[in-house]
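With compact mmCIF, N, CA, C and O atoms inside, this is input-v6.txt:
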# COMPACT_ATOMS: atom_id res chain seq x y z
N PRO E 1 -3.85 0.34 -15.79
CA PRO E 1 -4.56 1.39 -15.07
C PRO E 1 -3.59 2.47 -14.56
O PRO E 1 -2.45 2.16 -14.26
N SER E 2 -4.08 3.68 -14.45
CA SER E 2 -3.24 4.78 -13.98
C SER E 2 -3.52 5.12 -12.52
O SER E 2 -2.99 6.07 -11.99
N ASP E 3 -4.35 4.34 -11.85
CA ASP E 3 -4.74 4.58 -10.47
C ASP E 3 -4.04 3.58 -9.55
O ASP E 3 -4.18 2.36 -9.73
N TYR E 4 -3.32 4.08 -8.56
CA TYR E 4 -2.58 3.19 -7.66
C TYR E 4 -3.51 2.22 -6.94
O TYR E 4 -3.14 1.08 -6.68
N ALA E 5 -4.73 2.65 -6.61
CA ALA E 5 -5.66 1.78 -5.90
C ALA E 5 -6.06 0.58 -6.76
O ALA E 5 -6.23 -0.53 -6.24
N LEU E 6 -6.19 0.80 -8.05
CA LEU E 6 -6.52 -0.32 -8.95
C LEU E 6 -5.38 -1.32 -9.01
O LEU E 6 -5.60 -2.54 -9.02
N TRP E 7 -4.15 -0.83 -9.05
CA TRP E 7 -2.99 -1.72 -9.04
C TRP E 7 -2.94 -2.51 -7.74
O TRP E 7 -2.63 -3.71 -7.73
N GLY E 8 -3.25 -1.85 -6.64
CA GLY E 8 -3.28 -2.53 -5.34
C GLY E 8 -4.36 -3.61 -5.30
O GLY E 8 -4.14 -4.71 -4.78
N ALA E 9 -5.53 -3.30 -5.85
CA ALA E 9 -6.62 -4.27 -5.89
C ALA E 9 -6.25 -5.47 -6.77
O ALA E 9 -6.53 -6.63 -6.43
N LEU E 10 -5.61 -5.20 -7.89
CA LEU E 10 -5.17 -6.28 -8.78
C LEU E 10 -4.13 -7.16 -8.08
O LEU E 10 -4.18 -8.39 -8.16
N ALA E 11 -3.21 -6.54 -7.36
CA ALA E 11 -2.19 -7.30 -6.62
C ALA E 11 -2.86 -8.17 -5.56
O ALA E 11 -2.49 -9.34 -5.39
N SER E 12 -3.84 -7.61 -4.85
CA SER E 12 -4.55 -8.38 -3.83
C SER E 12 -5.28 -9.57 -4.44
O SER E 12 -5.28 -10.66 -3.85
N ALA E 13 -5.88 -9.35 -5.60
CA ALA E 13 -6.56 -10.46 -6.27
C ALA E 13 -5.58 -11.58 -6.60
O ALA E 13 -5.89 -12.76 -6.39
N HIS E 14 -4.41 -11.22 -7.09
CA HIS E 14 -3.39 -12.24 -7.39
C HIS E 14 -2.96 -12.96 -6.11
O HIS E 14 -2.78 -14.18 -6.12
N ARG E 15 -2.79 -12.20 -5.03
CA ARG E 15 -2.37 -12.81 -3.77
C ARG E 15 -3.43 -13.79 -3.28
O ARG E 15 -3.11 -14.90 -2.86
N TRP E 16 -4.70 -13.41 -3.36
CA TRP E 16 -5.78 -14.29 -2.89
C TRP E 16 -5.96 -15.51 -3.77
O TRP E 16 -6.53 -16.51 -3.35
N GLU E 17 -5.45 -15.43 -4.99
CA GLU E 17 -5.50 -16.58 -5.88
C GLU E 17 -4.33 -17.52 -5.65
O GLU E 17 -4.16 -18.49 -6.37
N GLY E 18 -3.50 -17.21 -4.66
CA GLY E 18 -2.39 -18.09 -4.31
C GLY E 18 -1.08 -17.73 -4.98
O GLY E 18 -0.16 -18.54 -5.03
N ASP E 19 -0.96 -16.50 -5.46
CA ASP E 19 0.24 -16.08 -6.19
C ASP E 19 1.07 -15.12 -5.34
O ASP E 19 1.53 -14.10 -5.81
N ALA E 20 1.29 -15.47 -4.08
CA ALA E 20 1.96 -14.56 -3.15
C ALA E 20 3.38 -14.21 -3.57
O ALA E 20 3.84 -13.09 -3.37
N ALA E 21 4.12 -15.11 -4.15
CA ALA E 21 5.53 -14.86 -4.46
C ALA E 21 5.75 -14.48 -5.92
O ALA E 21 6.85 -14.11 -6.29
N GLY E 22 4.74 -14.55 -6.74
CA GLY E 22 4.93 -14.31 -8.16
C GLY E 22 4.48 -12.93 -8.61
O GLY E 22 5.04 -11.91 -8.23
N LYS E 23 3.46 -12.90 -9.42
CA LYS E 23 2.96 -11.66 -10.02
C LYS E 23 2.46 -10.67 -8.97
O LYS E 23 2.59 -9.47 -9.13
N ALA E 24 1.90 -11.18 -7.88
CA ALA E 24 1.34 -10.30 -6.85
C ALA E 24 2.41 -9.36 -6.31
O ALA E 24 2.17 -8.15 -6.16
N LYS E 25 3.59 -9.86 -6.02
CA LYS E 25 4.66 -9.02 -5.49
C LYS E 25 5.01 -7.89 -6.46
O LYS E 25 5.15 -6.74 -6.06
N GLU E 26 5.11 -8.23 -7.72
CA GLU E 26 5.40 -7.23 -8.75
C GLU E 26 4.30 -6.16 -8.80
O GLU E 26 4.58 -4.97 -8.92
N LEU E 27 3.06 -6.59 -8.69
CA LEU E 27 1.94 -5.65 -8.74
C LEU E 27 1.87 -4.78 -7.49
O LEU E 27 1.54 -3.60 -7.57
N PHE E 28 2.18 -5.35 -6.31
CA PHE E 28 2.23 -4.54 -5.10
C PHE E 28 3.31 -3.48 -5.21
O PHE E 28 3.13 -2.34 -4.78
N GLU E 29 4.45 -3.83 -5.80
CA GLU E 29 5.52 -2.86 -5.98
C GLU E 29 5.09 -1.75 -6.94
O GLU E 29 5.39 -0.58 -6.71
N LYS E 30 4.35 -2.10 -7.99
CA LYS E 30 3.84 -1.09 -8.94
C LYS E 30 2.85 -0.16 -8.24
O LYS E 30 2.90 1.06 -8.40
N ALA E 31 1.95 -0.73 -7.43
CA ALA E 31 0.98 0.08 -6.69
C ALA E 31 1.70 1.03 -5.74
O ALA E 31 1.35 2.22 -5.65
N ALA E 32 2.72 0.53 -5.04
CA ALA E 32 3.47 1.37 -4.10
C ALA E 32 4.21 2.49 -4.84
O ALA E 32 4.23 3.62 -4.37
N GLU E 33 4.77 2.17 -5.98
CA GLU E 33 5.49 3.17 -6.77
C GLU E 33 4.54 4.30 -7.18
O GLU E 33 4.87 5.49 -7.07
N MET E 34 3.34 3.94 -7.62
CA MET E 34 2.37 4.95 -8.02
C MET E 34 1.85 5.74 -6.82
O MET E 34 1.63 6.95 -6.91
N ALA E 35 1.68 5.07 -5.69
CA ALA E 35 1.22 5.74 -4.48
C ALA E 35 2.27 6.72 -3.97
O ALA E 35 1.93 7.78 -3.43
N GLU E 36 3.54 6.37 -4.13
CA GLU E 36 4.62 7.29 -3.75
C GLU E 36 4.49 8.60 -4.52
O GLU E 36 4.66 9.68 -3.95
N ALA E 37 4.18 8.50 -5.79
CA ALA E 37 4.01 9.71 -6.61
C ALA E 37 2.81 10.52 -6.12
O ALA E 37 2.88 11.76 -6.02
N ALA E 38 1.72 9.84 -5.79
CA ALA E 38 0.53 10.53 -5.30
C ALA E 38 0.78 11.17 -3.94
O ALA E 38 0.24 12.24 -3.63
N ARG E 39 1.61 10.54 -3.12
CA ARG E 39 1.91 11.05 -1.78
C ARG E 39 2.59 12.41 -1.83
O ARG E 39 2.41 13.24 -0.95
N LYS E 40 3.34 12.67 -2.88
CA LYS E 40 4.01 13.97 -3.00
C LYS E 40 3.01 15.11 -3.03
O LYS E 40 3.29 16.19 -2.54
N GLY E 41 1.84 14.87 -3.58
CA GLY E 41 0.80 15.90 -3.65
C GLY E 41 -0.11 15.91 -2.43
O GLY E 41 -0.88 16.86 -2.25
N ASP E 42 -0.05 14.87 -1.62
CA ASP E 42 -0.94 14.76 -0.46
C ASP E 42 -0.22 13.98 0.65
O ASP E 42 -0.60 12.86 0.99
N PRO E 43 0.84 14.56 1.23
CA PRO E 43 1.69 13.83 2.17
C PRO E 43 1.04 13.47 3.51
O PRO E 43 1.57 12.65 4.24
N SER E 44 -0.11 14.06 3.83
CA SER E 44 -0.77 13.79 5.10
C SER E 44 -2.03 12.94 4.93
O SER E 44 -2.87 12.88 5.84
N ASN E 45 -2.16 12.27 3.81
CA ASN E 45 -3.32 11.42 3.57
C ASN E 45 -3.10 10.08 4.26
O ASN E 45 -2.35 9.23 3.78
N ALA E 46 -3.75 9.90 5.41
CA ALA E 46 -3.53 8.71 6.23
C ALA E 46 -3.90 7.42 5.50
O ALA E 46 -3.18 6.42 5.61
N LYS E 47 -4.99 7.43 4.76
CA LYS E 47 -5.40 6.22 4.03
C LYS E 47 -4.35 5.85 2.99
O LYS E 47 -3.98 4.68 2.85
N LEU E 48 -3.86 6.84 2.27
CA LEU E 48 -2.82 6.60 1.27
C LEU E 48 -1.56 6.04 1.92
O LEU E 48 -0.96 5.08 1.43
N LEU E 49 -1.17 6.62 3.05
CA LEU E 49 0.02 6.14 3.75
C LEU E 49 -0.16 4.71 4.24
O LEU E 49 0.77 3.90 4.17
N ALA E 50 -1.35 4.39 4.73
CA ALA E 50 -1.62 3.02 5.19
C ALA E 50 -1.58 2.04 4.03
O ALA E 50 -1.02 0.94 4.15
N LEU E 51 -2.18 2.42 2.91
CA LEU E 51 -2.12 1.55 1.72
C LEU E 51 -0.68 1.35 1.28
O LEU E 51 -0.25 0.22 1.00
N LEU E 52 0.06 2.43 1.22
CA LEU E 52 1.46 2.38 0.80
C LEU E 52 2.26 1.44 1.70
O LEU E 52 3.00 0.57 1.22
N GLY E 53 2.10 1.60 3.00
CA GLY E 53 2.80 0.73 3.93
C GLY E 53 2.38 -0.73 3.79
O GLY E 53 3.22 -1.63 3.83
N GLY E 54 1.11 -0.95 3.60
CA GLY E 54 0.62 -2.31 3.42
C GLY E 54 1.15 -2.96 2.16
O GLY E 54 1.49 -4.14 2.15
N TRP E 55 1.23 -2.17 1.10
CA TRP E 55 1.72 -2.72 -0.17
C TRP E 55 3.21 -3.03 -0.10
O TRP E 55 3.67 -4.04 -0.63
N TYR E 56 3.97 -2.17 0.57
CA TYR E 56 5.39 -2.48 0.74
C TYR E 56 5.56 -3.76 1.56
O TYR E 56 6.40 -4.60 1.25
N ALA E 57 4.75 -3.91 2.60
CA ALA E 57 4.83 -5.13 3.41
C ALA E 57 4.47 -6.35 2.57
O ALA E 57 5.15 -7.38 2.64
N ALA E 58 3.43 -6.25 1.77
CA ALA E 58 3.01 -7.37 0.93
C ALA E 58 4.06 -7.71 -0.13
O ALA E 58 4.15 -8.86 -0.57
N ALA E 59 4.85 -6.72 -0.50
CA ALA E 59 5.92 -6.95 -1.49
C ALA E 59 7.19 -7.46 -0.82
O ALA E 59 8.21 -7.64 -1.47
N GLY E 60 7.13 -7.68 0.50
CA GLY E 60 8.28 -8.21 1.21
C GLY E 60 9.25 -7.15 1.70
O GLY E 60 10.39 -7.46 2.05
N LYS E 61 8.82 -5.90 1.73
CA LYS E 61 9.68 -4.79 2.14
C LYS E 61 9.20 -4.22 3.48
O LYS E 61 8.81 -3.06 3.58
N SER E 62 9.26 -5.07 4.51
CA SER E 62 8.73 -4.70 5.82
C SER E 62 9.39 -3.45 6.40
O SER E 62 8.71 -2.59 6.97
N GLN E 63 10.70 -3.33 6.28
CA GLN E 63 11.39 -2.17 6.84
C GLN E 63 10.95 -0.87 6.17
O GLN E 63 10.89 0.18 6.82
N LYS E 64 10.63 -0.94 4.90
CA LYS E 64 10.16 0.25 4.19
C LYS E 64 8.71 0.56 4.55
O LYS E 64 8.29 1.72 4.53
N SER E 65 7.95 -0.46 4.90
CA SER E 65 6.53 -0.28 5.18
C SER E 65 6.25 0.36 6.54
O SER E 65 5.31 1.14 6.68
N LEU E 66 7.04 0.02 7.53
CA LEU E 66 6.74 0.44 8.91
C LEU E 66 6.62 1.95 9.11
O LEU E 66 5.67 2.40 9.77
N PRO E 67 7.50 2.78 8.57
CA PRO E 67 7.33 4.23 8.77
C PRO E 67 6.00 4.76 8.21
O PRO E 67 5.38 5.63 8.82
N PHE E 68 5.58 4.22 7.08
CA PHE E 68 4.31 4.67 6.49
C PHE E 68 3.13 4.24 7.36
O PHE E 68 2.19 5.02 7.57
N LEU E 69 3.17 3.01 7.87
CA LEU E 69 2.09 2.52 8.71
C LEU E 69 2.01 3.32 10.01
O LEU E 69 0.92 3.70 10.45
N ARG E 70 3.14 3.59 10.61
CA ARG E 70 3.16 4.39 11.85
C ARG E 70 2.64 5.80 11.62
O ARG E 70 1.87 6.34 12.43
N GLN E 71 3.06 6.40 10.52
CA GLN E 71 2.61 7.76 10.22
C GLN E 71 1.10 7.78 9.97
O GLN E 71 0.41 8.69 10.44
N ALA E 72 0.59 6.80 9.25
CA ALA E 72 -0.84 6.74 8.97
C ALA E 72 -1.64 6.65 10.27
O ALA E 72 -2.63 7.36 10.46
N LEU E 73 -1.21 5.78 11.16
CA LEU E 73 -1.93 5.62 12.43
C LEU E 73 -1.79 6.84 13.33
O LEU E 73 -2.72 7.17 14.07
N ALA E 74 -0.67 7.54 13.24
CA ALA E 74 -0.51 8.77 14.02
C ALA E 74 -1.43 9.87 13.50
O ALA E 74 -1.97 10.65 14.29
N LEU E 75 -1.61 9.93 12.20
CA LEU E 75 -2.47 10.96 11.60
C LEU E 75 -3.95 10.69 11.82
O LEU E 75 -4.75 11.63 11.93
N ALA E 76 -4.33 9.42 11.84
CA ALA E 76 -5.75 9.08 11.94
C ALA E 76 -5.95 7.86 12.85
O ALA E 76 -6.37 6.80 12.40
N PRO E 77 -5.66 8.03 14.15
CA PRO E 77 -5.73 6.88 15.05
C PRO E 77 -7.14 6.30 15.24
O PRO E 77 -7.28 5.13 15.59
N ASP E 78 -8.16 7.10 14.98
CA ASP E 78 -9.53 6.64 15.20
C ASP E 78 -10.27 6.31 13.91
O ASP E 78 -11.46 6.01 13.94
N ASP E 79 -9.57 6.35 12.78
CA ASP E 79 -10.21 6.07 11.50
C ASP E 79 -10.16 4.57 11.21
O ASP E 79 -9.08 3.98 11.12
N GLY E 80 -11.31 3.97 11.07
CA GLY E 80 -11.40 2.54 10.85
C GLY E 80 -10.73 2.07 9.59
O GLY E 80 -10.02 1.05 9.58
N ASP E 81 -10.93 2.78 8.47
CA ASP E 81 -10.32 2.38 7.21
C ASP E 81 -8.80 2.39 7.29
O ASP E 81 -8.13 1.48 6.82
N THR E 82 -8.26 3.45 7.89
CA THR E 82 -6.81 3.54 8.04
C THR E 82 -6.28 2.39 8.90
O THR E 82 -5.28 1.77 8.56
N SER E 83 -6.97 2.09 9.98
CA SER E 83 -6.54 1.01 10.86
C SER E 83 -6.59 -0.34 10.14
O SER E 83 -5.70 -1.17 10.30
N ILE E 84 -7.63 -0.56 9.34
CA ILE E 84 -7.74 -1.81 8.59
C ILE E 84 -6.60 -1.93 7.59
O ILE E 84 -5.94 -2.97 7.51
N HIS E 85 -6.35 -0.87 6.84
CA HIS E 85 -5.26 -0.92 5.85
C HIS E 85 -3.92 -1.10 6.53
O HIS E 85 -3.07 -1.83 6.05
N ALA E 86 -3.72 -0.42 7.64
CA ALA E 86 -2.46 -0.56 8.37
C ALA E 86 -2.30 -1.97 8.92
O ALA E 86 -1.21 -2.54 8.92
N GLY E 87 -3.41 -2.56 9.36
CA GLY E 87 -3.37 -3.91 9.88
C GLY E 87 -3.06 -4.96 8.83
O GLY E 87 -2.51 -6.01 9.13
N GLU E 88 -3.38 -4.65 7.58
CA GLU E 88 -3.08 -5.58 6.50
C GLU E 88 -1.60 -5.62 6.21
O GLU E 88 -1.10 -6.55 5.61
N GLY E 89 -0.88 -4.57 6.62
CA GLY E 89 0.56 -4.51 6.39
C GLY E 89 1.26 -5.30 7.45
O GLY E 89 2.26 -5.86 7.40
In structure tokens, what does this structure look like?
Amino acid sequence: PSDYALWGALASAHRWEGDAAGKAKELFEKAAEMAEAARKGDPSNAKLLALLGGWYAAAGKSQKSLPFLRQALALAPDDGDTSIHAGEG
């Protein structure tokens, strides 16, 4: 798929199937890589930033995830979707 959200959904499916350390990590990294490219065109998209931060956290890159999660919550502190995605990180 060419959509970062689809890669993120696929990674989540692998994680929920009990593959936290295997294929899921690789897929979360792929989703984050694609989201990074999308962020260049939309740097203030809070949902995208929250997803990006969550995927980095799921891939075991907590230090890389935190700035994205903080920025997402600063941009949209009252948005439920953003808060949920940030909370998953």
Original post:
Which polymer residues have any atom within 12 Å of an atom of region 76-79 of chain E, counting only C-alpha atoms, with same-chain residues fewer than 2 positions away left out, as a PyMOL selection string?
Top reply: chain E and resi 44-50+69-74+81-86
Original post:
Of the candidates E:Ala59, E:Leu6, E:Leu75, E:Leu66, which one gets nearest to Phe28 (chain E) if we count all atoms listed in the file?
Top reply: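 Selected residue with least distance to Phe28 (chain E): E:Ala59.
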Original post:
In Å to one decimal, how far is CA of Tyr4 (chain E) from CA of Ala38 (chain E)?
Top reply: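 Computing the Euclidean distance for CA of Ala38 (chain E) and CA of Tyr4 (chain E) yields 8.3 Å.
Minimum atom-to-atom distances from E:Gly53, E:Gly80, E:Gly60, E:Gly22 to Glu36 (chain E) were compared using only C-alpha atoms, and the lowest value belongs to E:Gly53.
Closest to Glu26 (chain E) among E:Pro67, E:Asp42, E:Leu51, E:Ala58 is E:Ala58, based on only N, CA, C and O atoms.
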Original post:
Mind checking DSSP for region 15-80 of chain E and telling me the alpha helix (DSSP H) residues as a ChimeraX atom specification?
Top reply: /E:15-16,23-41,46-58,62-75,80
Original post:
How many Å separate atom C of Ser62 (chain E) from CA of Ser12 (chain E)?
Top reply: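 Between atom C of Ser62 (chain E) and CA of Ser12 (chain E) the gap is 18.0 Å.
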**OP:** Between E:Leu52, E:Ala5, E:Ala13, E:Ala57, single out the one closest to Ala32 (chain E), counting only C-alpha atoms.
**Re:** E:Leu52
Original post:
In Å, with one decimal, what is the gap from CA of Arg39 (chain E) to CA of Gly18 (chain E)?
Top reply: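 It comes out at 29.6 Å.
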**OP:** For each of E:Phe68, E:Pro43, E:Trp55, E:Asp3, take the minimum atom-to-atom distance to Glu29 (chain E), counting all atoms listed in the file, then give the residue where this is smallest.
**Re:**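 When distances to Glu29 (chain E) are compared using all atoms listed in the file, the smallest one comes from E:Trp55.
Distance annotation: of E:Gly54, E:Lys61, E:Trp16, E:Gly8, the residue with the minimal separation from Ala31 (chain E) is E:Gly8; atom set is all atoms listed in the file.
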